[in-house]
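K.L.:
Before I ask anything, let me first share the structure, which is written out below as structure tokens.
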Amino acid sequence: MRLTPLALAAGLLFVGAGIRAQSPDAPAENGLQSAPKLIPDRKLEAPPGGEAGRRLPIVLRAQEVRARPNLDAVAEGEVEFRRGGTVIQSDRLSYDQAEDLAVARGHVRIERAGAIYEGPELQLRVQRFEGFFLSPEFELLEFGAGGHAERIDFIDSSRAKLSNAIYTSCPRDGSGDPAWVLEAREVRLDFDANEGVADGAVLRFLGAPILAGPSISFPLTDERKSGWLPPSIGLDSRSGLELTVPYYWNIAPNRDATIAPWLSTKRGAGLQTQFRYLERSLGGTLDLDVLPNDRVADRSRSAWHWEHEGRFGSSGFYSADFRHVSDDGWWKDFPDSRRSLTPRLLGSDARIEQALHLGDSEGLAYVRTQRWQVLQDSDQLVTSPYQRSPQVGLRLGGGAGAGLRYSAETEFNRFTLPVGEDDGSRLTGDRVHLLASLSRRFGDPGWWLEPRLALNAASYRTDQRMADGDRSASRSVPTFSLDFGLELERETSGFGRALRQTLEPRLLYVRTPYEKQSDLPNFDSFGKDFNFQSIYSPNIFSGVDRVSDANQLTAGVTSRVVDAANGKELFRLGVVQRYLFSDQRVTSQADGTPDGETFDQPFSDVLLLGSTSLVPSWTLDGTLQYSPEISRTVRSVVGARYSPGPFRTVSATYRFARGLSEQVELGWQWPLSGRVPTTAERGTRSMIGAAAGGGGSCSGTWYGVGRFNYSMKDSRITDSILGVEYDAGCWIGRFVAERLSTGRSEATTRLMFQLELVGLSRLGSNPLGVLKDNIPGYTLLREERRDPISSDE
């Protein structure tokens with residue numbers, strides 16, 4: 001049996017190489033992400049042999065030394081022996097120079113490569129590192145962990161054997177039995193072969209065996225090694241109890257695979273696989289999930305995702321990102337494996353790019369194709385974006401002399417709709433467009449002025465007839481803009497510190513003539529979100545197909561207060577509003593769709609922005625959109641976070657959009673009982689263990705974690721996370737429940753449990769990613785240190 005993740009950490013550490021685990025997310029030297037494995041902080045290096053070995057100096061200190069030159073020496077009382085990287089301390093030590101044999105007795109102590117070993121007797125041929133150590137206790141300083149063995153036999157500098165070894169990070173002061181121990185009858189280490197083998201290995205937690213193997217194999221260096229990874233157990237309301245047992249296959253230095261048989265009590269057996277490859281100029285990942293017979297859906301189901309990228313020539317680049325699932329219900333039934341930011345809209349695209357250098361100009365020529373898979377649901381239909389098959393373009397930009405700058409982009413696009421989405425109600429066809437601009441920036445530090453002339457031209461040919469009965473049309477819309485701004489600052493003081501205050505006014509004038517576009521196709525335009533960035537945009541639409549007419553001035557001012565010593569922003573306040581000199585006729589509807597009603601109000605909504613961290617432990621921020629027309633707030637986001645110390649944070653956010661949504665979000669991490677370790681103690685695991693009680697006691701610290709998102713409009717909780725963490729010092733337990741809304745009346749609930757044995761491994765499903773991604777200010781109970789064996793990160 002070969003079981004990589006539960007490799008016997010004690011074995012590797014006994015001979016002095018402090019070890020750590022590499023996260024699956026951490027890149028290896030060859031660029032591939034490494035599977036959970038053992039990685040030495042330092043590789044053991046044998047003392048030099050031959051004449052070089054004989055020339056290594058020997059340093060011997062003691063209260064009393066009796067020596068015969070070039071023969072032997074005997075030292076007694078606070079003995080310290082040094083040769084090369086080996087340091088031996090003892091009550092008594094004899095050294096035979098002819099045999100290169102050191103014999104130490106009475107409180108023997110070795111310090112080597114970040115580890116400390118203590119025992120009653122050591123015999124060692126120093127140069128060959130051959131000998132034995134009886135009943136050694138050891139301490140690994142990096143991990144605050146250690147243990148003991150009945151005997152260590154050093155076969156040579158690269159091989160060793162340990163008998164009846166025990167490893168733990170729990171207190172070993174005799175106050176009680178450790179909460180967890182890893183035991184092995186025999187451990188054989190071979191650094192030349194990069195392999196350790198533990199026979200009769202048993203992992204015990206609170207006295208009960210939780211994992212065992214007659215023979216466990218593990219790697220000793222940073223090279224990846226094939227083997228079984230820790231099993232993952234989860235509970236899902238749609239799939240029931242789930243068990244995944246992954247196997248890591250180290251195919252080659254630049255290729256590997258993870259094959260994970262998966263079993264669900266409701267759905268049956270499946271397989272999850274991942275294959276990764278990396279060559280000199282290309283690399284990629286292929287994920288494949290297969291469920292041959294889903295007992296709930298009564299059909300075969302699958303999903304795959306392929307990412308690939310590469311380079312050609314000196315400046316060419318190409319990539320592919322394809323994904324597909326077998327059915328519309330996949331995103332609901334397997335929410336943890338959606339592999340997409342929009343689980344109901346799966347995009348696939350491929351592109352080729354070539355960088356261009358033409359004199360002072362730089363550019364890019366590219367070809368791209370993009371397709372979509374839409375996962376429809378009876379609860380709410382999804383409108384698919386247009387596919388581009390293909391998209392061919394050229395971009396150039398650079399200096400044009402006399403301080404002028406230009407940019408130009410031209411593209412040909414073929415717009416289609418996904419299979420099943422093309423019902424004839426939406427136009428499809430071709431478009432050629434040109435976007436060009438010419439600008440000149442004036443200014444010095446503290447001010448700028450930038451006039452800019454732009455052109456948006458497009459020509460269409462559609463498969464269906466447009467509103468005017470034609471199948472072809474074209475239009476060109478010029479835009480002139482003038483951007484002016486100041487950056488003023490002054491030195492001041494307050495709150496007992498030196499401060500710097502800025503005042504940053506900005507004016508943007510835009511003039512774009514009206515061009516009727518309602519009869520033209522709209523393949524990619526949508527109303528931009530109204531915020532502090534978009535209000536300074538000359539066009540209220542994204543994409544190419546719509547250009548808003550404008551005769552307007554946008555005026556805003558921002559003031560910031562920063563700490564003069566460290567540059568930290570302590571306070572920000574901003575206000576901006578747009579004034580229309582004439583009515584705007586090309587507008588968007590409430591949902592962002594173009595061709596809304598004419599906007600005839602001279603003043604736009606007012607945007608207010610504010611944030612502060614002046615009050616200790618508090619962070620406040622908010623944005624507000626106020627409508628002068630109705631004298632009411634249209635939209636607002638207000639947030640507050642209270643973080644008085646490590647592992648203590650509470651955040652609340654209120655989001656409001658009139659007529660659309662109103663939500664309250666609350667997140668927290670807070671101690672429930674027990675003593676919270678200080679920041680200094682977090683970095684020393686042995687101190688934490690002692691402080692928290694360690695062992696198998698119940699004197700650790702309980703933490704509550706969670707997040708709720710409540711829709712006030714629907715009077716229901718949409719998504720929620722609720723969990724507890726228990727830190728016993730040398731082990732941490734986590735239990736987290738997550739509820740994901742998959743419809744107005746549907747949700748998926750997952751239960752995740754994880755046992756972290758500090759200094760060894762994490763077992764069970766992994767809730768850490770869920771907590772870090774969803775709880776603002778969440779802090780890991782342990783620093784991001786790589787443990788000897790880690791099943792996840």
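Labeling convention for the structure tokens: chains A, B, ... as they appear, residues from 1 per chain, ligands from 1 in order of appearance.
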Taking a cut-off of 12 Å and counting only C-alpha atoms, can you build a table that, for each residue of segment 184-226 of chain A near segment 762-775 of chain A, reports the nearest atom pair and how far apart they are in Å (one decimal), sorted by chain then residue number, as a Markdown table?
P.N.:
```
| residue | atom | partner | partner_atom | distance |
| --- | --- | --- | --- | --- |
| A:Leu203 | CA | A:Leu763 | CA | 11.5 |
| A:Phe205 | CA | A:Leu763 | CA | 11.7 |
| A:Ile210 | CA | A:Leu763 | CA | 10.3 |
| A:Leu211 | CA | A:Leu763 | CA | 10.4 |
```
K.L.:
Take the residues that were just selected and, keeping N, CA and C atoms, output them as a short mmCIF file (atom, residue, chain, number, x, y, z; two decimals), in the first residue's frame.
P.N.:
```cif
data_model
loop_
_atom_site.label_atom_id
_atom_site.label_comp_id
_atom_site.auth_asym_id
_atom_site.auth_seq_id
_atom_site.Cartn_x
_atom_site.Cartn_y
_atom_site.Cartn_z
N LEU A 203 -2.33 6.31 12.65
CA LEU A 203 -2.63 7.66 13.11
C LEU A 203 -3.75 7.56 14.13
N PHE A 205 -6.18 9.55 17.04
CA PHE A 205 -6.73 10.83 17.48
C PHE A 205 -7.60 10.56 18.69
N ILE A 210 -7.57 6.38 13.51
CA ILE A 210 -8.44 6.91 12.46
C ILE A 210 -7.90 6.59 11.08
N LEU A 211 -6.65 6.18 10.97
CA LEU A 211 -6.10 5.79 9.68
C LEU A 211 -4.88 4.92 9.92
#
```
K.L.:
Give me the residues near segment 297-307 of chain A as number ranges by chain, where near means some atom within 10 Å (using only C-alpha atoms) and where sequence neighbours in that chain fewer than 5 positions away do not count.
P.N.:
A: 267, 270-276, 283-292, 319-327, 329-330, 333, 337-340, 348-350
K.L.:
So, counting only C-alpha atoms, which residue among A:Asn293, A:Ser631, A:Thr369, A:Thr462 is closest to Gly268 of chain A?
P.N.:
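The shortest atom-to-atom distance to Gly268 of chain A comes from A:Asn293.
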K.L.:
Could you tell me how far atom CA of Arg490 of chain A lies from atom CA of Thr502 of chain A, in Å and to one decimal?
P.N.:
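Calculated distance between atom CA of Arg490 of chain A and atom CA of Thr502 of chain A is 6.5 Å.
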K.L.:
A:Ser135, A:Asn539, A:Thr619, A:Ser493: which is nearest Thr479 of chain A, counting only C-alpha atoms?
P.N.:
A:Asn539
K.L.:
Which neighbours of Pro628 of chain A fall inside 12 Å, counting only C-alpha atoms, when residues of the same chain fewer than 4 positions from it are skipped, and could you give them as a ChimeraX atom specification?
P.N.:
/A:577-578,601-607,632-634
K.L.:
List the neighbours of Leu666 of chain A out to 12 Å using only C-alpha atoms; skip same-chain residues closer than 2 positions along the sequence, and give me the result as JSON, numbers by chain.
P.N.:
{"A": [639, 640, 641, 642, 649, 650, 651, 652, 653, 654, 655, 663, 664, 668, 669, 705, 706, 707, 708, 709, 710, 711, 717, 719, 720, 721, 722, 774, 775, 776]}
K.L.:
Which is closer to Asp153 of chain A than all the others in A:Val575, A:Ala400, A:Leu356, A:Val187, using only C-alpha atoms?
P.N.:
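Ranked by minimum distance to Asp153 of chain A, first place goes to A:Val187.
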K.L.:
List as a list in words the protein and nucleic acid residues near Pro445 of chain A, meaning an atom at most 10 Å away when only C-alpha atoms are counted, but skip any in the same chain fewer than 5 places from it.
P.N.:
Leu486, Glu487 and Leu488 of chain A
K.L.:
Go ahead and compute the interatomic distance for atom CA of Phe138 of chain A and atom CA of Gln754 of chain A, in Å to one decimal.
P.N.:
27.8 Å
K.L.:
Could you list, with a cut-off of 12 Å and counting only C-alpha atoms, the residues of segment 141-179 of chain A near segment 120-123 of chain A, each shown with its nearest atom pair and the distance in Å rounded to one decimal, rows sorted by chain and ascending number, as a tab-separated table?
P.N.:
```
residue	atom	partner	partner_atom	distance
A:Glu150	CA	A:Pro120	CA	11.3
A:Arg151	CA	A:Leu122	CA	10.0
A:Ile152	CA	A:Leu122	CA	9.5
A:Asp153	CA	A:Gln123	CA	9.7
A:Phe154	CA	A:Gln123	CA	9.6
A:Ile155	CA	A:Gln123	CA	12.0
```
K.L.:
Save the residues we just selected, C-alpha atoms, as a PDB file, in the first residue's frame?
P.N.:
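Written out: selection38.pdb:
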```pdb
ATOM      1  CA  GLU A 150      13.253   3.518  20.384  1.00  0.00           C
ATOM      2  CA  ARG A 151      16.349   3.634  18.192  1.00  0.00           C
ATOM      3  CA  ILE A 152      17.703   5.347  15.097  1.00  0.00           C
ATOM      4  CA  ASP A 153      20.223   3.517  12.937  1.00  0.00           C
ATOM      5  CA  PHE A 154      22.177   5.791  10.605  1.00  0.00           C
ATOM      6  CA  ILE A 155      23.195   3.501   7.758  1.00  0.00           C
TER       7      ILE A 155
END
```
K.L.:
So which residues touch Arg572 of chain A within 6 Å, counting only C-alpha atoms, skipping near sequence neighbours fewer than 5 positions away, as a PyMOL selection string?
P.N.:
chain A and resi 559-560+610-611
